[in-house]
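Raw contents of data-v7.txt, compact mmCIF, C-alpha atoms:
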# COMPACT_ATOMS: atom_id res chain seq x y z
CA MET A 295 0.00 0.00 0.00
CA HIS A 296 3.06 2.29 -0.06
CA ILE A 297 2.70 3.92 -3.46
CA PRO A 298 6.19 4.82 -4.75
CA ASP A 299 7.12 7.99 -6.64
CA GLY A 300 6.20 7.73 -10.30
CA TYR A 301 3.00 5.74 -9.93
CA LEU A 302 0.69 8.75 -9.47
CA GLY A 303 0.47 11.71 -11.84
CA PRO A 304 0.82 15.30 -10.52
CA SER A 305 -2.87 16.20 -10.36
CA THR A 306 -3.60 13.00 -8.40
CA TYR A 307 -0.83 13.38 -5.87
CA LEU A 308 -1.57 17.08 -5.36
CA VAL A 309 -5.25 16.37 -4.77
CA MET A 310 -4.27 13.67 -2.27
CA TYR A 311 -1.98 16.09 -0.38
CA GLY A 312 -5.01 18.36 -0.28
CA ALA A 313 -7.19 15.53 1.00
CA SER A 314 -4.81 14.59 3.82
CA ALA A 315 -3.84 18.11 4.93
CA PRO A 316 -7.11 18.88 6.77
CA PHE A 317 -6.73 15.64 8.73
CA TRP A 318 -3.15 16.52 9.73
CA ILE A 319 -4.25 19.98 10.88
CA ALA A 320 -7.32 18.65 12.65
CA SER A 321 -5.38 15.89 14.39
CA PHE A 322 -2.95 18.49 15.72
CA ALA A 323 -5.77 20.72 16.90
CA ARG A 324 -7.65 17.82 18.40
CA LEU A 325 -4.68 16.34 20.23
CA LYS A 326 -3.78 19.77 21.58
CA LYS A 327 -7.04 19.65 23.48
CA THR A 328 -7.26 15.98 24.37
CA LEU A 329 -3.79 14.44 24.56
CA GLN A 330 -2.91 13.89 28.20
CA SER A 331 0.76 13.91 29.12
CA LYS A 332 0.42 10.43 30.63
CA ALA A 333 -0.75 9.13 27.24
CA VAL A 334 2.37 10.37 25.43
CA PRO A 335 4.51 7.27 26.17
CA LEU A 336 1.71 5.04 24.86
CA LEU A 337 1.44 7.16 21.71
CA ALA A 338 5.22 6.92 21.20
CA LEU A 339 5.15 3.14 21.71
CA GLY A 340 2.14 2.83 19.38
CA THR A 341 3.90 4.85 16.68
CA ALA A 342 7.02 2.69 16.96
CA PHE A 343 4.77 -0.39 16.80
CA ILE A 344 3.24 0.82 13.52
CA PHE A 345 6.75 1.26 12.14
CA ILE A 346 8.01 -2.15 13.20
CA ILE A 347 4.92 -4.20 12.28
CA MET A 348 5.08 -2.86 8.72
CA MET A 349 8.56 -4.39 8.38
CA PHE A 350 7.09 -7.88 8.72
CA ASN A 351 6.37 -8.60 5.08
CA VAL A 352 4.05 -11.57 4.79
CA PRO A 353 4.67 -13.60 1.63
CA ILE A 354 2.10 -15.18 -0.65
CA PRO A 355 4.27 -18.06 -1.92
CA GLY A 356 5.31 -17.34 -5.50
CA GLY A 357 3.24 -14.15 -5.42
CA THR A 358 3.34 -10.76 -3.77
CA THR A 359 3.98 -9.63 -0.21
CA GLY A 360 1.97 -7.48 2.14
CA HIS A 361 1.99 -6.49 5.77
CA ALA A 362 -0.15 -5.35 8.66
CA VAL A 363 -0.33 -1.59 9.27
CA GLY A 364 -0.99 -1.42 13.01
CA ALA A 365 -3.00 1.79 12.75
CA SER A 366 -6.17 0.02 13.86
CA LEU A 367 -4.56 -1.04 17.14
CA VAL A 368 -3.46 2.53 17.87
CA THR A 369 -6.99 3.71 16.99
CA VAL A 370 -8.61 1.38 19.53
CA LEU A 371 -6.10 2.46 22.20
CA LEU A 372 -5.88 6.21 21.57
CA GLY A 373 -8.60 7.15 19.10
CA PRO A 374 -8.49 7.97 15.38
CA TRP A 375 -6.83 11.39 15.61
CA ALA A 376 -3.83 10.01 17.47
CA ALA A 377 -3.65 7.17 14.94
CA THR A 378 -3.67 9.67 12.05
CA LEU A 379 -0.73 11.53 13.58
CA ALA A 380 1.18 8.36 14.48
CA THR A 381 0.71 6.70 11.08
CA SER A 382 1.55 9.88 9.15
CA LEU A 383 4.80 10.25 11.11
CA VAL A 384 5.73 6.64 10.37
CA LEU A 385 4.99 7.13 6.66
CA LEU A 386 7.14 10.28 6.68
CA ILE A 387 10.16 8.46 8.15
CA GLN A 388 9.60 5.47 5.84
CA ALA A 389 9.57 7.74 2.78
CA LEU A 390 12.46 10.02 3.77
CA VAL A 391 14.86 7.52 5.31
CA PHE A 392 13.96 4.16 3.80
CA GLY A 393 12.43 5.03 0.43
CA ASP A 394 9.31 3.04 1.35
CA GLY A 395 6.47 5.01 -0.26
CA GLY A 396 7.15 8.07 -2.39
CA ILE A 397 7.58 11.73 -1.47
CA THR A 398 5.13 12.82 -4.15
CA ALA A 399 2.78 10.00 -3.07
CA PHE A 400 3.07 10.86 0.65
CA GLY A 401 -0.33 12.61 0.71
CA ALA A 402 -1.99 9.64 -0.99
CA ASN A 403 -0.33 7.09 1.27
CA CYS A 404 -1.33 9.11 4.34
CA PHE A 405 -4.91 9.28 3.12
CA THR A 406 -5.23 5.50 2.66
CA MET A 407 -3.27 4.37 5.71
CA ALA A 408 -3.46 7.30 8.16
CA VAL A 409 -7.01 8.50 7.43
CA ILE A 410 -9.12 5.72 5.90
CA ILE A 411 -7.80 3.00 8.23
CA PRO A 412 -8.10 4.88 11.56
CA PHE A 413 -11.50 6.41 10.85
CA SER A 414 -13.09 3.26 9.44
CA THR A 415 -11.65 1.28 12.36
CA TRP A 416 -13.07 3.79 14.82
CA ALA A 417 -16.54 3.89 13.22
CA LEU A 418 -16.82 0.10 13.17
CA PHE A 419 -15.27 -0.42 16.56
CA ARG A 420 -17.64 2.09 18.15
CA LEU A 421 -20.55 0.37 16.46
CA LEU A 422 -19.53 -3.12 17.59
CA ALA A 423 -18.05 -2.45 21.01
CA GLY A 424 -19.14 1.08 21.83
CA ARG A 425 -21.31 0.14 24.77
CA SER A 426 -19.12 -2.64 26.14
CA SER A 427 -16.84 -2.32 29.10
CA SER A 428 -13.15 -1.90 28.32
CA ARG A 429 -12.73 -5.32 29.99
CA SER A 430 -15.21 -7.05 27.70
CA TYR A 431 -14.15 -9.86 25.36
CA ARG A 432 -15.86 -7.79 22.68
CA VAL A 433 -12.96 -5.33 22.63
CA PRO A 434 -10.32 -7.59 21.03
CA ILE A 435 -12.87 -9.28 18.76
CA ALA A 436 -14.47 -6.05 17.55
CA GLY A 437 -11.01 -4.50 17.25
CA GLY A 438 -9.78 -7.35 15.05
CA PHE A 439 -12.89 -7.33 12.87
CA SER A 440 -12.72 -3.55 12.44
CA ALA A 441 -9.03 -3.86 11.56
CA TYR A 442 -9.84 -6.46 8.88
CA ILE A 443 -12.43 -4.25 7.20
CA ALA A 444 -10.33 -1.10 7.61
CA LEU A 445 -7.23 -2.62 6.00
CA ASN A 446 -9.35 -3.77 3.06
CA LEU A 447 -10.84 -0.29 2.67
CA GLY A 448 -7.35 1.22 2.74
CA ALA A 449 -6.16 -1.27 0.11
CA LEU A 450 -9.19 -0.47 -2.06
CA GLY A 451 -8.31 3.21 -1.80
CA THR A 452 -4.77 2.48 -2.96
CA ALA A 453 -6.02 0.22 -5.76
CA PHE A 454 -8.48 2.90 -6.87
CA LEU A 455 -5.77 5.60 -7.05
CA LEU A 456 -3.45 3.29 -9.01
CA GLY A 457 -6.24 2.05 -11.26
CA ILE A 458 -7.44 5.47 -12.41
CA GLN A 459 -3.93 6.52 -13.54
CA PRO A 460 -4.10 4.94 -17.04
CA LEU A 461 -7.47 6.67 -17.53
CA LEU A 462 -6.10 10.05 -16.48
CA TYR A 463 -2.68 9.98 -18.09
CA HIS A 464 -1.66 8.24 -21.28
CA THR A 465 0.18 8.99 -24.50
CA ALA A 466 -1.62 9.40 -27.83
CA ASP A 467 -0.87 5.79 -28.68
CA GLY A 468 -2.36 4.55 -25.42
CA LYS A 469 0.78 3.92 -23.35
CA ALA A 470 0.50 4.69 -19.65
CA LEU A 471 2.45 7.64 -18.25
CA TYR A 472 2.30 6.52 -14.61
CA ALA A 473 0.79 3.38 -12.99
CA PRO A 474 -0.15 1.25 -16.01
CA TYR A 475 -2.80 -1.22 -14.85
CA PRO A 476 -6.52 -0.40 -15.16
CA LEU A 477 -9.02 -0.37 -12.30
CA SER A 478 -10.28 -3.87 -13.09
CA VAL A 479 -6.76 -5.27 -12.55
CA SER A 480 -5.73 -3.17 -9.55
CA LEU A 481 -9.01 -3.67 -7.68
CA SER A 482 -9.09 -7.42 -8.18
CA ALA A 483 -5.39 -7.95 -7.44
CA MET A 484 -5.21 -5.78 -4.33
CA GLY A 485 -8.76 -6.54 -3.26
CA LEU A 486 -8.31 -10.30 -3.31
CA GLU A 487 -4.94 -10.45 -1.58
CA HIS A 488 -6.17 -8.23 1.23
CA LEU A 489 -9.53 -9.99 1.58
CA LEU A 490 -7.90 -13.42 1.67
CA ILE A 491 -4.55 -12.90 3.39
CA PHE A 492 -3.34 -9.51 4.58
CA GLY A 493 -6.65 -8.46 6.13
CA TRP A 494 -6.49 -11.53 8.35
CA VAL A 495 -2.90 -10.76 9.30
CA GLU A 496 -4.02 -7.33 10.46
CA ALA A 497 -7.01 -8.83 12.30
CA VAL A 498 -4.91 -11.42 14.15
CA VAL A 499 -2.21 -8.89 15.08
CA THR A 500 -4.83 -6.43 16.36
CA THR A 501 -6.87 -9.01 18.28
CA LEU A 502 -3.84 -10.61 19.95
CA ALA A 503 -2.31 -7.28 20.90
CA LEU A 504 -5.63 -6.02 22.30
CA PHE A 505 -6.14 -9.25 24.21
CA PHE A 506 -2.80 -8.93 26.00
CA ILE A 507 -3.02 -5.17 26.51
CA GLN A 508 -6.53 -5.56 27.98
CA LYS A 509 -5.36 -8.29 30.35
CA TYR A 510 -2.43 -6.15 31.44
CA ASP A 511 -4.26 -2.86 31.91
CA PRO A 512 -7.82 -2.35 30.61
CA SER A 513 -7.56 1.39 31.30
CA LEU A 514 -5.40 1.63 28.17
CA ILE A 515 -8.38 0.93 25.86
CA ALA A 516 -9.81 4.18 24.46
CA LEU A 517 -13.33 3.24 25.56
CA ALA A 518 -12.12 3.31 29.16
CA LYS A 519 -11.97 7.09 29.05
CA LYS A 520 -15.73 7.25 28.85
CA GLU A 521 -16.32 4.95 31.80
CA MET B 128 -1.72 3.07 35.22
CA LYS B 129 0.91 0.37 35.11
CA SER B 130 4.39 0.63 33.68
CA PHE B 131 4.93 0.59 29.91
CA LYS B 132 8.01 -1.58 30.29
CA PRO B 133 6.45 -4.80 28.89
CA PHE B 134 5.47 -2.89 25.72
CA ALA B 135 9.01 -1.61 25.27
CA VAL B 136 10.29 -5.17 25.69
CA ALA B 137 7.76 -6.44 23.12
CA LEU B 138 8.96 -3.78 20.66
CA LEU B 139 12.56 -4.85 21.23
CA ILE B 140 11.66 -8.49 20.53
CA LEU B 141 9.88 -7.45 17.32
CA THR B 142 12.95 -5.43 16.31
CA VAL B 143 15.20 -8.46 16.66
CA LEU B 144 12.70 -10.66 14.77
CA ALA B 145 12.21 -8.12 11.96
CA PRO B 146 14.52 -9.91 9.46
CA LEU B 147 11.78 -12.57 9.18
CA GLY B 148 10.06 -9.89 7.09
CA ILE B 149 12.69 -10.33 4.37
CA TYR B 150 13.74 -13.94 5.02
CA LEU B 151 10.31 -15.55 4.55
CA PRO B 152 9.39 -13.72 1.30
CA GLU B 153 12.78 -14.71 -0.12
CA LYS B 154 12.36 -18.31 0.96
CA LEU B 155 8.84 -18.52 -0.51
CA GLN B 156 9.76 -16.60 -3.67
CA ALA B 157 7.30 -13.81 -3.07
CA GLY B 158 8.05 -10.57 -4.89
CA ASP B 159 7.25 -6.93 -4.17
CA ALA B 160 3.91 -5.75 -2.88
CA TRP B 161 1.39 -5.10 -5.66
CA GLY B 162 2.04 -1.72 -7.27
CA GLU B 163 5.43 -1.22 -5.58
CA TRP B 164 7.70 -2.57 -8.30
CA SER B 165 10.83 -0.76 -9.44
CA PRO B 166 10.46 0.84 -12.90
CA GLU B 167 12.90 -1.80 -14.25
CA ASP B 168 10.82 -4.71 -12.92
CA LEU B 169 7.64 -3.12 -14.22
CA SER B 170 9.10 -2.67 -17.69
CA GLN B 171 9.80 -6.39 -17.83
CA GLU B 172 6.08 -6.98 -17.37
CA ILE B 173 4.62 -4.36 -19.69
CA GLY B 174 7.50 -3.81 -22.11
CA TYR B 175 8.28 -0.17 -21.34
CA VAL B 176 8.89 2.28 -18.50
CA PRO B 177 6.03 4.80 -18.45
CA GLN B 178 7.46 8.23 -19.36
CA GLY B 179 6.03 10.11 -16.39
CA MET B 180 7.18 7.40 -14.00
CA GLU B 181 10.71 7.65 -15.35
CA LYS B 182 10.78 11.36 -14.45
CA LEU B 183 9.25 11.04 -10.99
CA ALA B 184 10.73 7.75 -9.81
CA ASN B 185 13.99 9.34 -8.65
CA THR B 186 12.41 12.32 -6.91
CA TRP B 187 14.20 11.33 -3.73
CA GLN B 188 17.20 9.16 -2.95
CA ALA B 189 16.57 7.64 0.47
CA PRO B 190 19.78 7.08 2.46
CA LEU B 191 18.74 3.59 3.59
CA ALA B 192 16.57 2.59 0.61
CA ASP B 193 14.71 -0.69 1.12
CA TYR B 194 15.96 -0.86 4.71
CA SER B 195 19.41 -1.79 3.44
CA ALA B 196 22.82 -0.15 3.80
CA GLY B 197 25.25 -0.72 0.97
CA THR B 198 27.31 -3.85 1.41
CA LEU B 199 26.24 -4.47 5.00
CA ASN B 200 24.63 -7.88 5.61
CA PRO B 201 20.96 -7.40 4.64
CA TYR B 202 19.57 -9.02 7.80
CA LEU B 203 21.80 -6.93 10.04
CA ALA B 204 20.90 -3.81 8.03
CA TYR B 205 17.21 -4.70 8.46
CA ILE B 206 17.55 -4.96 12.25
CA LEU B 207 19.50 -1.69 12.42
CA SER B 208 16.85 -0.04 10.20
CA ALA B 209 14.15 -1.35 12.53
CA LEU B 210 15.99 0.04 15.54
CA LEU B 211 16.58 3.41 13.86
CA GLY B 212 12.93 3.60 12.77
CA VAL B 213 11.66 2.80 16.25
CA VAL B 214 13.93 5.41 17.85
CA LEU B 215 13.19 8.09 15.21
CA THR B 216 9.40 7.66 15.25
CA GLY B 217 9.32 7.42 19.05
CA CYS B 218 11.42 10.60 19.44
CA LEU B 219 9.38 12.51 16.86
CA VAL B 220 6.20 11.75 18.77
CA PHE B 221 7.78 13.00 21.99
CA LEU B 222 8.93 16.22 20.34
CA LEU B 223 5.56 16.79 18.68
CA SER B 224 3.72 16.13 21.92
CA LYS B 225 5.91 18.74 23.60
CA VAL B 226 5.02 21.28 20.90
CA ILE B 227 1.36 20.36 21.16
CA SER B 228 1.18 20.61 24.94
CA ARG B 229 3.28 23.80 25.10
CA ARG B 230 0.90 25.48 22.73
CA GLY B 231 -2.00 24.16 24.71
CA HIS B 232 -0.95 25.60 28.09

In structure tokens, what does this structure look like?
Amino acid sequence: MHIPDGYLGPSTYLVMYGASAPFWIASFARLKKTLQSKAVPLLALGTAFIFIIMMFNVPIPGGTTGHAVGASLVTVLLGPWAATLATSLVLLIQALVFGDGGITAFGANCFTMAVIIPFSTWALFRLLAGRSSSRSYRVPIAGGFSAYIALNLGALGTAFLLGIQPLLYHTADGKALYAPYPLSVSLSAMGLEHLLIFGWVEAVVTTLALFFIQKYDPSLIALAKKE
Amino acid sequence: MKSFKPFAVALLILTVLAPLGIYLPEKLQAGDAWGEWSPEDLSQEIGYVPQGMEKLANTWQAPLADYSAGTLNPYLAYILSALLGVVLTGCLVFLLSKVISRRGH
């Protein structure tokens, strides 16, 4: 899901910077009001977790690789705005230092992984576990299910951006200028691998982590703040 | 609230295990993630490097591209990258939180 430089044309990547910018600004404004100093170590650990979990490439034998994102876990612990900030920071370091995801594509990658994933996780998680206690078994289950759906939505977003490139930019003789595969190919390739494999990786990682964190200290679950 | 020490330990364990993220794909002959191919690999599939891609692909030369470091053993480089990434992202969050809370109060 880390779109490299060269796969998105200028109008697409500029629009995607524009789409992510309000979320960066709002997450700053929001955290200024709500981030408690005692939550800062958890946010730092969560951000580092997002970085490290993305290094675990999961292979489809003879096929492609993919990985969990970890943003759903941070969402369930600290809410979507903290997850937007944490994931965006990780994507920034990945792009600048490790060349994982492009500089021009940074806005697009933030939108799919740091906006779509946290906010879809949060909406689903609230729906499924919103009224449960932070100690309820529903927390890890709902968290994992939300993470599965959210990762798939993020992947669909990436596939959509890649798939519209040949429609938007091509030479007179029909050659692609940027990402070359049409929507039908990108949606089915990325959709299937995330539905069948990588979504489950994200779900298992999120559920297991929530299970242990909840056992250790249920007050760390975001729902706890409303109790 | 209890100590965060077990989480830090878990992160450290993940850091040491990170090379699995390149060992297993290699062992099972899995390639790049979909849509993340190098322009050269892509051109082998479609027969050409898209013109716009050629111009944009080298927008930025990352110092530790692909979590590797020159001739250093790739697994060792991967662990060191993991460690650097954890420290960098963790520190950035601390700095940002300071900025955020200073503005807030």

Sorted by chain and rising residue number, which residues of chain B lie within 8 Å of chain A, and what are their closest atom pairs and distances in Å to one decimal, counting only C-alpha atoms, as a tab-separated table?
residue	atom	partner	partner_atom	distance
B:Met128	CA	A:Ser513	CA	7.2
B:Lys129	CA	A:Asp511	CA	6.9
B:Phe131	CA	A:Leu336	CA	7.5
B:Phe134	CA	A:Leu339	CA	7.2
B:Ala135	CA	A:Leu339	CA	7.1
B:Leu138	CA	A:Phe343	CA	6.6
B:Leu141	CA	A:Ile346	CA	7.0
B:Thr142	CA	A:Ile346	CA	6.7
B:Ala145	CA	A:Phe350	CA	6.1
B:Pro146	CA	A:Phe350	CA	7.7
B:Leu147	CA	A:Phe350	CA	6.6
B:Gly148	CA	A:Phe350	CA	3.9
B:Ile149	CA	A:Asn351	CA	6.6
B:Leu151	CA	A:Pro353	CA	6.6
B:Pro152	CA	A:Pro353	CA	4.7
B:Leu155	CA	A:Pro355	CA	4.8
B:Gln156	CA	A:Gly356	CA	4.9
B:Ala157	CA	A:Gly357	CA	4.7
B:Gly158	CA	A:Thr358	CA	4.8
B:Asp159	CA	A:Thr358	CA	5.5
B:Ala160	CA	A:Thr359	CA	4.7
B:Trp161	CA	A:Thr358	CA	6.3
B:Gly162	CA	A:Ile297	CA	6.8
B:Glu163	CA	A:Pro298	CA	6.1
B:Pro177	CA	A:Leu471	CA	4.6
B:Gln178	CA	A:Leu471	CA	5.2
B:Gly179	CA	A:Leu471	CA	4.7
B:Met180	CA	A:Gly300	CA	3.8
B:Glu181	CA	A:Gly300	CA	6.8
B:Lys182	CA	A:Gly300	CA	7.2
B:Leu183	CA	A:Gly300	CA	4.6
B:Ala184	CA	A:Gly300	CA	4.6
B:Asn185	CA	A:Asp299	CA	7.3
B:Thr186	CA	A:Asp299	CA	6.8
B:Trp187	CA	A:Ile397	CA	7.0
B:Gln188	CA	A:Gly393	CA	7.2
B:Ala189	CA	A:Gly393	CA	4.9
B:Pro190	CA	A:Val391	CA	5.7
B:Leu191	CA	A:Phe392	CA	4.8
B:Ala192	CA	A:Phe392	CA	4.4
B:Asp193	CA	A:Phe392	CA	5.6
B:Tyr194	CA	A:Phe392	CA	5.5
B:Ala209	CA	A:Ile346	CA	6.2
B:Gly212	CA	A:Phe345	CA	6.6
B:Val213	CA	A:Ala342	CA	4.7
B:Val214	CA	A:Ala342	CA	7.5
B:Leu215	CA	A:Ile387	CA	7.7
B:Thr216	CA	A:Ala342	CA	5.8
B:Gly217	CA	A:Ala338	CA	4.7
B:Cys218	CA	A:Ala338	CA	7.4
B:Leu219	CA	A:Leu383	CA	7.7
B:Val220	CA	A:Ala338	CA	5.5
B:Phe221	CA	A:Ala338	CA	6.6
B:Ser224	CA	A:Val334	CA	6.9
B:Ile227	CA	A:Lys326	CA	5.2
B:Ser228	CA	A:Lys326	CA	6.0
B:Arg230	CA	A:Lys326	CA	7.5
B:Gly231	CA	A:Lys326	CA	5.7

One decimal, Å: what's the distance from CA of Gly437 in chain A over to CA of Ser366 in chain A, could you say?
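Between CA of Gly437 in chain A and CA of Ser366 in chain A the gap works out to 7.4 Å.
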
Would you mind reading off the distance between CA of Tyr307 in chain A and CA of Ile411 in chain A, one decimal, in Å?
18.8 Å

Please provide the set of residues having any atom within 8 Å of Val409 in chain A, restricted to only C-alpha atoms, with same-chain residues fewer than 4 positions apart removed, written as a ChimeraX atom specification.
/A:314,317,378,404-405,413

Close residues, Ala497 in chain A itself excluded, 12 Å, all atoms listed in the file, min 2 positions apart in chain, as a PyMOL selection string:
chain A and resi 361-367+415+434-446+488-495+499-505

Using only C-alpha atoms, please write the residues we just selected to a file, as an mmCIF file, in the coordinates of the input.
data_model
loop_
_atom_site.group_PDB
_atom_site.id
_atom_site.type_symbol
_atom_site.label_atom_id
_atom_site.label_comp_id
_atom_site.auth_asym_id
_atom_site.auth_seq_id
_atom_site.Cartn_x
_atom_site.Cartn_y
_atom_site.Cartn_z
ATOM 1 C CA HIS A 361 1.990 -6.490 5.770
ATOM 2 C CA ALA A 362 -0.150 -5.350 8.660
ATOM 3 C CA VAL A 363 -0.330 -1.590 9.270
ATOM 4 C CA GLY A 364 -0.990 -1.420 13.010
ATOM 5 C CA ALA A 365 -3.000 1.790 12.750
ATOM 6 C CA SER A 366 -6.170 0.020 13.860
ATOM 7 C CA LEU A 367 -4.560 -1.040 17.140
ATOM 8 C CA THR A 415 -11.650 1.280 12.360
ATOM 9 C CA PRO A 434 -10.320 -7.590 21.030
ATOM 10 C CA ILE A 435 -12.870 -9.280 18.760
ATOM 11 C CA ALA A 436 -14.470 -6.050 17.550
ATOM 12 C CA GLY A 437 -11.010 -4.500 17.250
ATOM 13 C CA GLY A 438 -9.780 -7.350 15.050
ATOM 14 C CA PHE A 439 -12.890 -7.330 12.870
ATOM 15 C CA SER A 440 -12.720 -3.550 12.440
ATOM 16 C CA ALA A 441 -9.030 -3.860 11.560
ATOM 17 C CA TYR A 442 -9.840 -6.460 8.880
ATOM 18 C CA ILE A 443 -12.430 -4.250 7.200
ATOM 19 C CA ALA A 444 -10.330 -1.100 7.610
ATOM 20 C CA LEU A 445 -7.230 -2.620 6.000
ATOM 21 C CA ASN A 446 -9.350 -3.770 3.060
ATOM 22 C CA HIS A 488 -6.170 -8.230 1.230
ATOM 23 C CA LEU A 489 -9.530 -9.990 1.580
ATOM 24 C CA LEU A 490 -7.900 -13.420 1.670
ATOM 25 C CA ILE A 491 -4.550 -12.900 3.390
ATOM 26 C CA PHE A 492 -3.340 -9.510 4.580
ATOM 27 C CA GLY A 493 -6.650 -8.460 6.130
ATOM 28 C CA TRP A 494 -6.490 -11.530 8.350
ATOM 29 C CA VAL A 495 -2.900 -10.760 9.300
ATOM 30 C CA VAL A 499 -2.210 -8.890 15.080
ATOM 31 C CA THR A 500 -4.830 -6.430 16.360
ATOM 32 C CA THR A 501 -6.870 -9.010 18.280
ATOM 33 C CA LEU A 502 -3.840 -10.610 19.950
ATOM 34 C CA ALA A 503 -2.310 -7.280 20.900
ATOM 35 C CA LEU A 504 -5.630 -6.020 22.300
ATOM 36 C CA PHE A 505 -6.140 -9.250 24.210
#

Among listed residues B:Leu199, B:Leu169, B:Ala137, B:Leu210, nearest Phe506 in chain A (using all atoms listed in the file):
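Using all atoms listed in the file, Phe506 in chain A sits closest to B:Ala137.
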
Some atoms are absent from range 324-343 of chain A, so rebuild N, CA and C atoms and return them as a compact mmCIF listing (two decimals), in the frame of the given file.
# COMPACT_ATOMS: atom_id res chain seq x y z
N ARG A 324 -6.90 18.70 17.53
CA ARG A 324 -7.65 17.82 18.40
C ARG A 324 -6.79 17.30 19.56
N LEU A 325 -5.56 16.89 19.20
CA LEU A 325 -4.68 16.34 20.23
C LEU A 325 -4.23 17.43 21.20
N LYS A 326 -4.14 18.65 20.72
CA LYS A 326 -3.78 19.77 21.58
C LYS A 326 -4.76 19.87 22.75
N LYS A 327 -6.01 19.57 22.44
CA LYS A 327 -7.04 19.65 23.48
C LYS A 327 -7.11 18.39 24.32
N THR A 328 -6.92 17.22 23.67
CA THR A 328 -7.26 15.98 24.37
C THR A 328 -6.08 15.14 24.82
N LEU A 329 -4.89 15.34 24.23
CA LEU A 329 -3.79 14.44 24.56
C LEU A 329 -3.28 14.74 25.97
N GLN A 330 -3.40 13.72 26.83
CA GLN A 330 -2.91 13.89 28.20
C GLN A 330 -1.44 13.50 28.24
N SER A 331 -0.69 14.17 29.11
CA SER A 331 0.76 13.91 29.12
C SER A 331 1.04 12.45 29.47
N LYS A 332 0.15 11.83 30.27
CA LYS A 332 0.42 10.43 30.63
C LYS A 332 0.17 9.48 29.46
N ALA A 333 -0.51 9.98 28.41
CA ALA A 333 -0.75 9.13 27.24
C ALA A 333 0.38 9.21 26.22
N VAL A 334 1.30 10.17 26.42
CA VAL A 334 2.37 10.37 25.43
C VAL A 334 3.26 9.13 25.26
N PRO A 335 3.69 8.47 26.38
CA PRO A 335 4.51 7.27 26.17
C PRO A 335 3.77 6.20 25.37
N LEU A 336 2.48 6.04 25.61
CA LEU A 336 1.71 5.04 24.86
C LEU A 336 1.63 5.41 23.38
N LEU A 337 1.48 6.70 23.11
CA LEU A 337 1.44 7.16 21.71
C LEU A 337 2.79 6.91 21.03
N ALA A 338 3.89 7.17 21.76
CA ALA A 338 5.22 6.92 21.20
C ALA A 338 5.43 5.43 20.93
N LEU A 339 5.02 4.59 21.89
CA LEU A 339 5.15 3.14 21.71
C LEU A 339 4.28 2.67 20.55
N GLY A 340 3.06 3.21 20.46
CA GLY A 340 2.14 2.83 19.38
C GLY A 340 2.70 3.22 18.02
N THR A 341 3.32 4.39 17.95
CA THR A 341 3.90 4.85 16.68
C THR A 341 5.05 3.92 16.28
N ALA A 342 5.91 3.61 17.24
CA ALA A 342 7.02 2.69 16.96
C ALA A 342 6.49 1.32 16.55
N PHE A 343 5.37 0.90 17.16
CA PHE A 343 4.77 -0.39 16.80
C PHE A 343 4.31 -0.39 15.34
